[in-house]
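S.K.: This is the content of input18.txt (compact mmCIF, C-alpha atoms):
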```
# COMPACT_ATOMS: atom_id res chain seq x y z
CA MET U 132 239.87 -21.74 -42.79
CA LYS U 133 240.47 -24.73 -40.53
CA GLY U 134 239.51 -22.65 -37.51
CA LYS U 135 236.19 -21.75 -39.11
CA GLU U 136 235.46 -25.41 -39.89
CA GLY U 137 236.18 -26.30 -36.29
CA ILE U 138 233.69 -23.72 -35.08
CA VAL U 139 231.06 -25.09 -37.49
CA TYR U 140 231.59 -28.61 -36.17
CA ILE U 141 231.28 -27.39 -32.59
CA GLU U 142 228.08 -25.47 -33.44
CA THR U 143 226.68 -28.56 -35.21
CA ALA U 144 227.48 -30.69 -32.18
CA ILE U 145 225.79 -28.16 -29.88
CA VAL U 146 222.68 -28.09 -32.07
CA LEU U 147 222.48 -31.90 -32.15
CA ILE U 148 223.02 -32.25 -28.41
CA THR U 149 220.34 -29.63 -27.78
CA LEU U 150 217.93 -31.45 -30.08
CA LEU U 151 218.62 -34.80 -28.42
CA THR U 152 218.13 -33.24 -24.99
CA ILE U 153 214.78 -31.85 -26.13
CA VAL U 154 213.76 -35.26 -27.48
CA LEU U 155 214.79 -36.94 -24.22
CA TRP U 156 212.95 -34.33 -22.19
CA PHE U 157 209.79 -34.85 -24.22
CA SER U 158 210.09 -38.63 -23.89
CA LYS U 159 210.29 -38.16 -20.12
CA LEU U 160 207.19 -35.94 -20.13
CA TYR U 161 205.35 -38.31 -22.45
CA SER U 162 206.12 -41.39 -20.39
CA GLU U 163 205.25 -39.73 -17.09
CA SER U 164 201.94 -38.35 -18.39
CA LEU U 165 201.19 -41.75 -19.89
CA HIS U 166 201.70 -43.32 -16.46
CA ARG U 167 199.38 -40.73 -14.91
CA MET U 168 196.72 -41.71 -17.42
CA TYR U 169 197.25 -45.40 -16.58
CA HIS U 170 196.83 -44.56 -12.90
CA GLU U 171 193.50 -42.85 -13.54
CA ALA U 172 192.39 -45.77 -15.71
CA LEU U 173 193.38 -48.25 -13.00
CA ALA U 174 191.51 -46.24 -10.37
CA ILE U 175 188.37 -46.35 -12.52
CA GLU U 176 188.82 -50.09 -13.07
CA ILE U 177 189.15 -50.56 -9.31
CA MET U 178 185.89 -48.65 -8.79
CA MET U 179 184.13 -50.86 -11.35
CA GLY U 180 185.93 -54.05 -10.38
CA PRO U 181 185.36 -56.71 -7.75
CA GLN U 182 184.79 -55.50 -4.21
CA LYS U 183 183.50 -57.06 -1.06
CA ALA U 184 181.04 -55.23 1.21
CA SER U 185 182.78 -52.47 3.16
CA MET U 186 180.31 -52.51 6.09
CA VAL U 187 178.56 -55.23 8.04
CA TYR U 188 175.16 -55.13 9.67
CA ASN U 189 174.95 -56.31 13.24
CA SER U 190 171.44 -57.71 13.33
CA SER U 191 171.35 -58.15 17.09
CA ALA U 192 172.45 -54.57 17.85
CA HIS U 193 170.70 -53.19 14.73
CA ILE U 194 173.70 -51.11 13.71
CA PHE U 195 176.16 -50.95 10.87
CA GLU U 196 179.72 -51.76 11.86
CA GLU U 197 183.19 -51.26 10.45
CA LEU U 198 185.09 -54.18 9.00
CA GLY U 199 187.55 -55.82 11.35
CA ALA U 200 189.49 -59.01 11.90
CA SER U 201 186.42 -61.03 12.87
CA THR U 202 183.68 -59.60 10.64
CA SER U 203 182.49 -61.18 7.42
CA PRO U 204 184.12 -60.13 5.20
CA THR U 205 187.21 -59.22 7.18
CA MET U 206 189.14 -56.03 6.55
CA GLN U 207 191.96 -58.14 5.07
CA GLU U 208 189.58 -59.85 2.64
CA PHE U 209 188.16 -56.51 1.56
CA VAL U 210 191.53 -54.93 0.79
CA ASP U 211 192.91 -58.14 -0.75
CA ASP U 212 190.06 -58.15 -3.25
CA ILE U 213 191.07 -54.71 -4.47
CA GLY U 214 194.82 -55.30 -4.13
CA ASN U 215 194.81 -58.57 -6.07
CA PHE U 216 192.69 -57.01 -8.81
CA PHE U 217 195.16 -54.13 -8.99
CA THR U 218 198.20 -56.38 -9.37
CA ALA U 219 196.37 -58.40 -12.04
CA ARG U 220 195.49 -55.27 -14.03
CA ALA U 221 198.68 -53.22 -13.53
CA PRO U 222 200.50 -52.70 -16.85
CA ASP U 223 203.90 -53.73 -15.44
CA SER U 224 205.68 -54.80 -12.29
CA SER U 225 206.75 -51.26 -11.34
CA TYR U 226 203.24 -50.48 -10.08
CA ALA U 227 202.39 -50.33 -6.39
CA LEU U 228 199.12 -49.66 -4.60
CA TYR U 229 198.70 -48.31 -1.08
CA LEU U 230 195.20 -48.22 0.32
CA ALA U 231 193.22 -47.76 3.49
CA LEU U 232 189.53 -48.18 4.23
CA VAL U 233 188.44 -45.25 6.38
CA TYR U 234 185.04 -44.43 7.85
CA LEU U 235 183.32 -41.12 8.46
CA LYS U 236 181.14 -41.21 11.57
CA ILE U 237 177.71 -39.82 10.73
CA ASP U 238 175.04 -38.41 13.01
CA SER U 239 172.19 -40.87 12.37
CA ASN U 240 169.44 -38.27 12.78
CA LYS U 241 171.05 -35.31 11.04
CA GLY U 242 173.28 -36.98 8.43
CA THR U 243 176.14 -34.65 9.31
CA VAL U 244 179.76 -35.61 10.00
CA LYS U 245 180.54 -36.29 13.64
CA GLN U 246 184.29 -36.67 13.80
CA THR U 247 187.13 -34.62 12.39
CA SER U 248 190.02 -37.06 12.24
CA ILE U 249 190.61 -40.59 11.06
CA PRO U 250 191.51 -43.10 13.79
CA VAL U 251 195.22 -43.47 14.50
CA SER U 252 194.76 -47.23 14.31
CA THR U 253 193.88 -47.07 10.59
CA VAL U 254 196.05 -49.56 8.72
CA VAL U 255 197.45 -48.90 5.24
CA TYR U 256 197.88 -51.98 3.06
CA SER U 257 200.28 -52.24 0.15
CA TYR U 258 200.35 -54.34 -3.02
CA GLY U 259 202.66 -54.70 -5.99
CA ASN U 260 206.19 -53.33 -6.34
CA SER U 261 208.07 -53.63 -3.05
CA ASP U 262 211.39 -52.21 -4.21
CA PRO U 263 212.19 -49.36 -1.77
CA ALA U 264 214.25 -47.60 -4.44
CA GLU U 265 211.13 -47.21 -6.58
CA CYS U 266 207.56 -47.49 -5.28
CA GLY U 267 208.08 -49.83 -2.34
CA ASP U 268 208.99 -47.15 0.16
CA ASP U 269 206.39 -47.79 2.88
CA ALA U 270 207.69 -45.03 5.13
CA THR U 271 206.90 -42.44 2.46
CA TYR U 272 203.73 -43.71 0.90
CA LYS U 273 201.75 -45.17 3.80
CA PRO U 274 201.54 -41.85 5.70
CA MET U 275 200.69 -40.16 2.39
CA VAL U 276 197.52 -42.30 2.12
CA LEU U 277 196.39 -41.24 5.59
CA GLN U 278 197.26 -37.59 5.00
CA TYR U 279 195.23 -37.61 1.81
CA ALA U 280 192.27 -39.24 3.56
CA GLN U 281 192.54 -36.68 6.34
CA SER U 282 192.55 -33.77 3.92
CA LYS U 283 189.39 -35.12 2.27
CA PHE U 284 187.78 -35.67 5.66
CA ASN U 285 188.58 -32.07 6.62
CA THR U 286 186.78 -30.86 3.50
CA LEU U 287 183.77 -33.05 4.19
CA TYR U 288 183.67 -32.03 7.83
CA ALA U 289 183.93 -28.34 6.96
CA TYR U 290 181.04 -28.69 4.50
CA SER U 291 178.98 -30.46 7.10
CA ALA U 292 179.87 -28.05 9.93
CA ASN U 293 179.16 -24.98 7.82
CA ASN U 294 175.68 -26.28 7.01
CA ASN U 295 174.84 -27.75 10.36
CA HIS U 296 171.08 -27.78 10.20
CA THR U 297 168.92 -29.39 12.82
CA ALA U 298 167.35 -32.79 12.30
CA LEU U 299 163.96 -31.17 11.77
CA SER U 300 165.10 -28.61 9.20
CA ASP U 301 164.00 -29.17 5.61
CA SER U 302 167.39 -28.12 4.33
CA ASN U 303 169.58 -30.89 2.94
CA GLY U 304 172.78 -28.85 3.19
CA GLY U 305 175.64 -30.49 5.06
CA ARG U 306 173.98 -33.90 5.22
CA LEU U 307 176.46 -36.43 3.86
CA GLY U 308 175.31 -39.77 5.18
CA VAL U 309 173.46 -42.51 3.33
CA LYS U 310 169.77 -41.89 3.93
CA LEU U 311 167.73 -44.81 5.18
CA LEU U 312 164.39 -43.06 5.58
CA ASP U 313 162.89 -39.59 5.24
CA LEU U 314 159.34 -39.15 6.55
CA ASN U 315 157.08 -36.19 7.13
CA ILE U 316 154.32 -37.12 9.52
CA LYS U 317 151.98 -34.36 10.55
CA GLY U 318 154.58 -31.73 9.73
CA ILE U 319 157.40 -33.37 11.61
CA ARG U 320 160.29 -34.29 9.36
CA THR U 321 162.20 -37.39 10.41
CA ARG U 322 165.33 -38.68 8.73
CA LEU U 323 167.52 -41.65 9.50
CA TYR U 324 171.03 -42.12 8.14
CA GLU U 325 173.56 -44.93 8.24
CA SER U 326 175.96 -44.15 11.04
CA LEU U 327 179.05 -44.84 8.92
CA MET U 328 180.22 -43.67 5.52
CA PRO U 329 183.10 -45.75 4.11
CA PHE U 330 185.80 -44.34 1.85
CA VAL U 331 188.87 -45.89 0.29
CA SER U 332 191.88 -43.61 0.16
CA PHE U 333 194.58 -44.94 -2.11
CA ILE U 334 197.65 -43.93 -4.00
CA ILE U 335 199.13 -45.53 -7.07
CA CYS U 336 202.85 -45.35 -7.72
CA SER U 337 204.85 -46.46 -10.75
CA LYS U 338 208.19 -45.89 -12.41
CA PRO U 339 208.48 -45.42 -16.18
CA GLN U 340 210.97 -48.00 -17.43
CA ASP U 341 213.79 -47.50 -19.94
CA ILE U 342 213.38 -43.72 -20.01
CA PRO U 343 216.37 -41.64 -18.86
CA MET U 344 215.64 -38.97 -16.24
CA ALA U 345 212.07 -40.25 -15.63
CA SER U 346 211.00 -40.08 -12.02
CA VAL U 347 208.49 -42.03 -9.97
CA VAL U 348 204.87 -41.09 -10.76
CA VAL U 349 202.44 -40.92 -7.83
CA THR U 350 198.72 -40.17 -8.00
CA LYS U 351 196.18 -39.93 -5.17
CA HIS U 352 192.61 -41.21 -5.27
CA PHE U 353 189.55 -41.28 -3.05
CA MET U 354 186.48 -43.40 -3.72
CA VAL U 355 183.28 -44.64 -2.14
CA PRO U 356 183.38 -48.44 -2.16
CA ARG U 357 180.37 -50.73 -2.32
CA ARG U 358 178.79 -50.75 1.10
CA HIS U 359 176.52 -53.72 1.55
CA THR U 360 176.68 -55.95 -1.47
CA ALA U 361 179.83 -57.65 -2.57
CA ASP U 362 178.92 -57.78 -6.24
CA LEU U 363 176.98 -55.79 -8.77
CA MET M 138 227.50 -24.82 -45.53
CA ILE M 139 229.17 -27.91 -44.11
CA GLY M 140 227.24 -27.48 -40.88
CA ALA M 141 223.94 -27.18 -42.71
CA ALA M 142 224.75 -30.17 -44.88
CA LEU M 143 225.48 -32.21 -41.75
CA SER M 144 222.65 -30.92 -39.62
CA LEU M 145 219.67 -30.73 -41.98
CA PRO M 146 219.28 -34.46 -42.73
CA ILE M 147 219.67 -35.27 -39.05
CA ILE M 148 217.20 -32.55 -38.01
CA LEU M 149 214.75 -33.79 -40.65
CA ALA M 150 215.13 -37.36 -39.40
CA ILE M 151 214.55 -36.25 -35.82
CA ILE M 152 211.42 -34.32 -36.84
CA LEU M 153 210.04 -37.38 -38.62
CA VAL M 154 210.84 -39.60 -35.65
CA ILE M 155 209.07 -37.15 -33.33
CA TYR M 156 206.11 -37.18 -35.76
CA ASP M 157 205.94 -40.97 -35.61
CA LEU M 158 206.36 -41.06 -31.82
CA THR M 159 203.64 -38.45 -31.36
CA ARG M 160 201.22 -40.45 -33.49
CA ILE M 161 202.03 -43.59 -31.50
CA TYR M 162 201.57 -41.67 -28.26
CA LEU M 163 198.20 -40.28 -29.38
CA ALA M 164 197.14 -43.73 -30.58
CA ARG M 165 198.01 -45.18 -27.18
CA ILE M 166 196.03 -42.52 -25.33
CA THR M 167 193.09 -42.94 -27.70
CA ALA M 168 193.19 -46.72 -27.30
CA LYS M 169 193.23 -46.47 -23.51
CA GLN M 170 190.42 -43.90 -23.39
CA VAL M 171 188.25 -45.95 -25.71
CA ALA M 172 188.96 -49.23 -23.89
CA LEU M 173 188.05 -47.63 -20.57
CA THR M 174 184.90 -46.02 -21.94
CA THR M 175 183.91 -49.31 -23.56
CA ALA M 176 184.27 -51.09 -20.23
CA ARG M 177 182.21 -48.38 -18.55
CA ILE M 178 179.47 -48.78 -21.14
CA ALA M 179 179.65 -52.56 -20.85
CA VAL M 180 179.10 -52.59 -17.08
CA SER M 181 176.01 -50.41 -17.41
CA THR M 182 172.87 -52.31 -16.58
CA ASP M 183 171.00 -50.99 -19.58
CA VAL M 184 173.00 -50.23 -22.70
CA THR M 185 170.75 -48.61 -25.26
CA SER M 186 171.40 -47.18 -28.65
CA ASN M 187 168.97 -45.63 -31.10
CA TYR M 188 170.10 -48.01 -33.79
CA GLN M 189 168.85 -51.15 -32.15
CA ASP M 190 168.34 -53.62 -34.96
CA PHE M 191 171.61 -52.98 -36.67
CA VAL M 192 173.85 -55.45 -38.36
CA VAL M 193 177.13 -55.19 -36.53
CA LYS M 194 179.06 -55.21 -39.80
CA ASN M 195 177.65 -51.75 -40.58
CA ILE M 196 179.87 -50.24 -37.91
CA VAL M 197 182.64 -49.32 -40.30
CA ASN M 198 184.54 -46.12 -40.93
CA PRO M 199 186.63 -46.55 -44.09
CA ALA M 200 189.68 -44.45 -44.82
CA SER M 201 189.15 -41.71 -47.37
CA GLY M 202 188.99 -43.07 -50.94
CA GLU M 203 189.68 -46.66 -50.02
CA ALA M 204 188.77 -49.58 -52.28
CA SER M 205 185.64 -51.59 -51.52
CA SER M 206 187.77 -54.72 -51.09
CA ILE M 207 189.51 -53.06 -48.12
CA THR M 208 186.15 -52.00 -46.64
CA LYS M 209 185.06 -55.63 -46.91
CA LYS M 210 188.17 -56.64 -44.98
CA ARG M 211 187.13 -54.21 -42.25
CA LYS M 212 183.75 -55.94 -42.06
CA ASP M 213 185.53 -59.28 -41.91
CA PHE M 214 186.94 -58.23 -38.55
CA TYR M 215 183.54 -58.90 -36.97
CA ASP M 216 183.61 -62.44 -38.36
CA ALA M 217 187.06 -62.86 -36.81
CA MET M 218 185.54 -62.05 -33.40
CA LYS M 219 183.23 -65.02 -33.82
CA ASN M 220 185.77 -67.38 -35.33
CA SER M 221 187.47 -69.71 -32.88
CA SER M 222 190.61 -69.92 -35.01
CA SER M 223 191.17 -66.17 -34.83
CA ASN M 224 193.18 -64.31 -32.18
CA TYR M 225 190.22 -61.94 -31.78
CA TYR M 226 187.76 -64.72 -30.87
CA CYS M 227 185.38 -63.43 -28.22
CA GLY M 228 184.72 -66.90 -26.85
CA LYS M 229 181.50 -67.70 -28.66
CA SER M 230 180.14 -67.80 -32.20
CA TYR M 231 177.78 -64.86 -31.75
CA LEU M 232 177.55 -61.42 -30.16
CA THR M 233 174.82 -60.65 -27.66
CA THR M 234 172.55 -57.65 -28.15
CA LYS M 235 174.30 -55.85 -25.31
CA GLU M 236 177.73 -56.56 -26.79
CA LYS M 237 176.61 -55.20 -30.17
CA ARG M 238 175.23 -52.07 -28.58
CA THR M 239 178.40 -51.65 -26.55
CA LEU M 240 180.50 -51.90 -29.72
CA ASN M 241 178.18 -49.47 -31.50
CA LEU M 242 178.51 -46.85 -28.76
CA SER M 243 182.25 -47.42 -28.33
CA TYR M 244 183.02 -46.99 -32.00
CA GLY M 245 180.83 -43.89 -31.88
CA TYR M 246 182.94 -42.57 -29.03
CA LEU M 247 186.12 -43.37 -30.97
CA ASN M 248 184.70 -41.51 -33.97
CA SER M 249 183.85 -38.50 -31.83
CA LEU M 250 187.44 -38.41 -30.52
CA ASN M 251 188.91 -38.41 -34.01
CA PRO M 252 186.72 -38.83 -37.12
CA LYS M 253 189.82 -39.57 -39.20
CA ILE M 254 190.54 -42.84 -37.41
CA ALA M 255 189.38 -45.70 -39.64
CA PHE M 256 187.78 -48.78 -38.08
CA PRO M 257 187.89 -51.66 -37.69
CA THR M 258 191.36 -52.49 -38.93
CA PRO M 259 191.21 -54.61 -42.13
CA TYR M 260 191.37 -58.30 -41.30
CA PRO M 261 193.80 -59.79 -42.03
CA LEU M 262 196.10 -56.80 -42.39
CA ASN M 263 198.67 -57.54 -45.07
CA SER M 264 200.35 -54.23 -45.84
CA LYS M 265 200.68 -50.61 -44.80
CA SER M 266 198.72 -49.47 -47.87
CA GLU M 267 195.55 -51.11 -46.49
CA LEU M 268 195.59 -48.61 -43.61
CA GLY M 269 194.87 -45.74 -45.99
CA GLY M 270 197.57 -43.54 -44.46
CA VAL M 271 195.65 -43.03 -41.22
CA THR M 272 195.49 -44.66 -37.81
CA ASN M 273 193.21 -47.70 -37.76
CA CYS M 274 191.60 -49.05 -34.58
CA SER M 275 189.66 -52.16 -33.67
CA ILE M 276 187.64 -52.85 -30.55
CA TYR M 277 187.27 -56.46 -29.45
CA PHE M 278 186.88 -58.42 -26.26
CA TYR M 279 187.49 -61.73 -24.60
CA THR M 280 184.73 -63.24 -22.49
CA LEU M 281 186.75 -64.26 -19.47
CA GLU M 282 186.09 -67.65 -17.89
CA LEU M 283 184.64 -68.61 -21.24
CA SER M 284 187.65 -68.24 -23.44
CA SER M 285 191.26 -67.41 -23.03
CA ALA M 286 193.59 -66.23 -25.75
CA THR M 287 196.70 -68.36 -25.73
CA SER M 288 200.00 -66.89 -26.77
CA GLY M 289 200.10 -67.23 -30.52
CA GLY M 290 197.58 -70.07 -30.60
CA SER M 291 193.86 -70.46 -30.77
CA PRO M 292 191.70 -69.42 -27.83
CA ILE M 293 190.54 -72.23 -25.62
CA LEU M 294 187.21 -72.78 -23.95
CA ILE M 295 187.35 -73.05 -20.20
CA GLY M 296 184.62 -73.71 -17.71
CA ALA M 297 181.01 -74.65 -18.21
CA ILE M 298 178.89 -72.32 -20.32
CA LYS M 299 175.96 -70.81 -18.42
CA LEU M 300 173.80 -68.58 -20.58
CA ASN M 301 172.45 -66.38 -17.79
CA LYS M 302 175.62 -66.00 -15.77
CA GLN M 303 177.19 -62.53 -15.53
CA TYR M 304 180.57 -62.82 -17.25
CA ASN M 305 183.61 -60.59 -17.07
CA ARG M 306 184.89 -59.22 -20.35
CA GLU M 307 188.27 -57.79 -21.14
CA TYR M 308 187.83 -55.11 -23.77
CA TRP M 309 190.80 -54.37 -26.00
CA VAL M 310 191.44 -51.55 -28.39
CA ALA M 311 194.19 -52.15 -30.94
CA CYS M 312 195.32 -49.12 -32.92
CA THR M 313 197.63 -49.55 -35.89
CA VAL M 314 199.76 -46.57 -36.86
CA PRO M 315 201.50 -46.35 -40.25
CA LEU M 316 205.14 -45.36 -39.69
CA VAL M 317 207.05 -42.75 -41.65
CA ALA M 318 210.57 -42.81 -40.22
CA LEU M 319 210.83 -45.38 -37.45
CA ASN M 320 210.74 -48.33 -39.83
CA LEU M 321 213.70 -46.87 -41.74
CA LEU M 322 215.66 -46.75 -38.50
CA GLY M 323 214.92 -50.41 -37.84
CA VAL M 324 212.58 -49.73 -34.91
CA ASN M 325 209.78 -52.31 -34.64
CA TYR M 326 212.03 -54.65 -36.68
CA GLY M 327 211.63 -52.45 -39.72
CA ALA M 328 207.86 -53.06 -39.97
CA GLU M 329 205.88 -50.40 -41.82
CA TYR M 330 203.29 -50.04 -39.12
CA LEU M 331 203.03 -50.43 -35.36
CA THR M 332 200.07 -51.70 -33.36
CA VAL M 333 199.46 -50.51 -29.82
CA LYS M 334 196.95 -52.31 -27.62
CA GLU M 335 195.20 -51.17 -24.48
CA SER M 336 192.62 -52.95 -22.39
CA ALA M 337 190.09 -52.43 -19.62
CA LEU M 338 188.18 -55.00 -17.63
CA ALA M 339 184.39 -54.92 -17.62
CA TYR M 340 183.55 -56.80 -14.45
CA LYS M 341 180.31 -58.78 -14.63
CA SER M 342 179.27 -57.02 -17.80
CA GLY M 343 176.30 -59.12 -18.81
CA THR M 344 175.15 -62.59 -19.64
CA ILE M 345 175.97 -64.46 -22.82
CA ASN M 346 172.31 -65.00 -23.59
CA PRO M 347 171.88 -63.74 -27.15
```
For this file, produce the structure as structure tokens.

M.R.:
Amino acid sequence: MKGKEGIVYIETAIVLITLLTIVLWFSKLYSESLHRMYHEALAIEIMMGPQKASMVYNSSAHIFEELGASTSPTMQEFVDDIGNFFTARAPDSSYALYLALVYLKIDSNKGTVKQTSIPVSTVVYSYGNSDPAECGDDATYKPMVLQYAQSKFNTLYAYSANNNHTALSDSNGGRLGVKLLDLNIKGIRTRLYESLMPFVSFIICSKPQDIPMASVVVTKHFMVPRRHTADL
Amino acid sequence: MIGAALSLPIILAIILVIYDLTRIYLARITAKQVALTTARIAVSTDVTSNYQDFVVKNIVNPASGEASSITKKRKDFYDAMKNSSSNYYCGKSYLTTKEKRTLNLSYGYLNSLNPKIAFPTPYPLNSKSELGGVTNCSIYFYTLELSSATSGGSPILIGAIKLNKQYNREYWVACTVPLVALNLLGVNYGAEYLTVKESALAYKSGTINP
């Protein structure tokens, strides 16, 4: 009789442990998916939030230029605007943002993509959690931002290259640039595009707190920032 | 028999806890989705709704079979948004047309997500019974640079008021979930309901010109 009772207790313990494991596993899934949702929400807030102009117009050379250390705004000011907004809006201190402003070179007459790779000098900036054990691992996440930007660029370039129409063609396929003018004078179609197309590639990383077994949550994002006006 | 006697109450308790946690989880997701959508509506340059000359207090979704006194408390929530002594004070004693339309569309979105969610939450909320057994949500906002909610105190006015300036607004959605089991276990200090809050920032989302 005692032996049977012992088996019942062991079975009860197994059932309870299994149930608790299931509960813990679900809490891990819940918390991680919740963080993914917060990442998407933050990315949308960043798109709607404060941004400085991501391009400058050189009025003497009559061209649009990339942001740099001496432009107005500077590259640092542009990314700080987004980074500071991110840290202000992040739900907790486990959040980190890695971002880079990258430019597609556009054929001004055709609107198609000219280059296939992002410059090696592209700098990735980071904000928020700097704990290397969680989301502060620069060596992992900074290259990830560039790789993600590169993969998007490859897609855009392939689309452009596969629809590489001439400047005179009426087809709009493959033309990705921002159109400045589109005229048809005596049957001759003339288009003019901005020579640069800015994108912000960024990843958001966070670590669910107080949940056993939960791992770091990382999401990747790609957006077109405001180009010429700092505010809405 | 002994095993069943030991296991069943615990399994039942776990099921009820999972039920509560799932409702809280869904409320949190709903609150975040609605807050974000509200902010997206608010930053639109032209917020229109077919019901243009509405009284904002008509935006009410009572719980099934609730008393008219509770419905009145839901309507009182809108007064709380305009009352400087309330924690929901929006920063001014009125709502602009755009803010009303934003609230109208946002509550409509909330209703489309789950028609059973009652809104706004009765103000002030005194007991679990006022929730009508369902999740209750309220949408409110703070006009940033104009008011700031202090911790536990009244909001304060900051900065000069400029009627035609584009202000930032922080939209909040607070969803209150009646608890079944968690209060018995002492979670949330034994309270009978739990409120989750989510926010989204509507950057330069309109003037304060009524």

S.K.: Please check the contacts: residues of chain M at most 12 Å away from chain U, using all atoms listed in the file, listed as a PyMOL selection string.

M.R.: chain M and resi 138-156+158-182+303-308+334-343

S.K.: Using all atoms listed in the file, give me every residue within 10 Å of (192.3, -38.6, -7.4) in file coordinates, as number ranges by chain.

M.R.: U: 170-171, 174, 279, 332-335, 350-354

S.K.: Can you measure CA of Gly242 (chain U) to CA of Tyr324 (chain U) for me? One decimal in Å is fine.

M.R.: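 Straight-line distance from CA of Gly242 (chain U) to CA of Tyr324 (chain U) works out to 5.6 Å.
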
S.K.: So, with only C-alpha atoms as the atoms that count, which of M:Leu232, M:Ile196, M:Leu281, M:Ala328 lies closest to Arg211 (chain M)?

M.R.: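 Of M:Leu232, M:Ile196, M:Leu281, M:Ala328, the one nearest Arg211 (chain M) is M:Ile196, counting only C-alpha atoms.
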
S.K.: Out of M:Tyr231, M:Tyr330, M:Trp309, M:Tyr246, which residue has the shortest atom-to-atom distance to Asn263 (chain M) when counting all atoms listed in the file?

M.R.: M:Tyr330

S.K.: Rounded to one decimal place, report the CA of Gly323 (chain M)-CA of Asp341 (chain U) distance in Å.

M.R.: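 So the answer is 18.2 Å.
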
S.K.: Could you state the separation of CA of Thr234 (chain M) and CA of Asn346 (chain M) in Å, given to one decimal place?

M.R.: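 CA of Asn346 (chain M) lies at a distance of 8.7 Å from CA of Thr234 (chain M).
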
S.K.: What are the centre and edge lengths in Å, to one decimal, of the axis-aligned box around all listed atoms of region 320-337 of chain M with 3 Å added on each side, as AutoDock Vina command-line options?

M.R.:
```
--center_x 202.9 --center_y -50.7 --center_z -30.7 --size_x 31.6 --size_y 13.9 --size_z 28.2
```

S.K.: What's around region 268-275 of chain M at 10 Å? Count all atoms listed in the file, leave out sequence neighbours fewer than 4 positions away in its own chain, and write the answer as a CSV table (one decimal) with C-alpha atoms, in the frame of the given file.

M.R.:
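As written to disk, out-v3.csv reads:
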```csv
chain,number,residue,atom,x,y,z
M,160,ARG,CA,201.2,-40.4,-33.5
M,161,ILE,CA,202.0,-43.6,-31.5
M,163,LEU,CA,198.2,-40.3,-29.4
M,164,ALA,CA,197.1,-43.7,-30.6
M,167,THR,CA,193.1,-42.9,-27.7
M,168,ALA,CA,193.2,-46.7,-27.3
M,171,VAL,CA,188.2,-46.0,-25.7
M,198,ASN,CA,184.5,-46.1,-40.9
M,199,PRO,CA,186.6,-46.6,-44.1
M,200,ALA,CA,189.7,-44.4,-44.8
M,201,SER,CA,189.2,-41.7,-47.4
M,202,GLY,CA,189.0,-43.1,-50.9
M,203,GLU,CA,189.7,-46.7,-50.0
M,204,ALA,CA,188.8,-49.6,-52.3
M,207,ILE,CA,189.5,-53.1,-48.1
M,211,ARG,CA,187.1,-54.2,-42.2
M,214,PHE,CA,186.9,-58.2,-38.6
M,215,TYR,CA,183.5,-58.9,-37.0
M,225,TYR,CA,190.2,-61.9,-31.8
M,240,LEU,CA,180.5,-51.9,-29.7
M,244,TYR,CA,183.0,-47.0,-32.0
M,247,LEU,CA,186.1,-43.4,-31.0
M,251,ASN,CA,188.9,-38.4,-34.0
M,253,LYS,CA,189.8,-39.6,-39.2
M,254,ILE,CA,190.5,-42.8,-37.4
M,255,ALA,CA,189.4,-45.7,-39.6
M,256,PHE,CA,187.8,-48.8,-38.1
M,257,PRO,CA,187.9,-51.7,-37.7
M,258,THR,CA,191.4,-52.5,-38.9
M,259,PRO,CA,191.2,-54.6,-42.1
M,260,TYR,CA,191.4,-58.3,-41.3
M,262,LEU,CA,196.1,-56.8,-42.4
M,263,ASN,CA,198.7,-57.5,-45.1
M,264,SER,CA,200.4,-54.2,-45.8
M,309,TRP,CA,190.8,-54.4,-26.0
M,310,VAL,CA,191.4,-51.6,-28.4
M,311,ALA,CA,194.2,-52.2,-30.9
M,312,CYS,CA,195.3,-49.1,-32.9
M,313,THR,CA,197.6,-49.6,-35.9
M,314,VAL,CA,199.8,-46.6,-36.9
M,315,PRO,CA,201.5,-46.4,-40.2
M,316,LEU,CA,205.1,-45.4,-39.7
M,317,VAL,CA,207.0,-42.8,-41.6
M,330,TYR,CA,203.3,-50.0,-39.1
M,331,LEU,CA,203.0,-50.4,-35.4
M,332,THR,CA,200.1,-51.7,-33.4
M,333,VAL,CA,199.5,-50.5,-29.8
M,334,LYS,CA,197.0,-52.3,-27.6
```

S.K.: Find, counting all atoms listed in the file, the residue in U:Leu314, U:Cys336, U:Val355, U:Leu198 that gets nearest to Asp223 (chain U).

M.R.: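 Closest candidate: U:Cys336.
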
S.K.: Excluding Leu232 (chain U) and residues on its chain fewer than 6 positions from it, collect all residues at most 7 Å away from it, counting all atoms listed in the file, and give them as a ChimeraX atom specification.

M.R.: /U:329-332

S.K.: Which of these, U:Val187, U:Ala289, U:Met344, U:Ala231, has the shortest distance to Val251 (chain U) once you count all atoms listed in the file?

M.R.: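 Of all the options, U:Ala231 lies closest to Val251 (chain U).
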
S.K.: Please provide as a list in words all residues within 8 Å of Pro339 (chain U), with the sequence filter that same-chain residues fewer than 6 positions apart are discarded (counting only C-alpha atoms).

M.R.: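 These residues fall inside the cut-off: Ser162, Glu163, His166, Ser225, Ala345, Ser346, Val347 and Val348 of chain U.
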
S.K.: Find the spatial neighbours of Asp313 (chain U), counting all atoms listed in the file, within a cut-off of 10 Å - ignore same-chain residues fewer than 2 positions away - and output them as JSON, numbers by chain.

M.R.: {"U": [310, 311, 315, 316, 320, 321, 322, 323, 324]}

S.K.: Give me the residues within 7 Å of Ile345 (chain M) as a PyMOL selection string, counting all atoms listed in the file and dropping any in the same chain fewer than 5 places off.

M.R.: chain M and resi 233+300-301
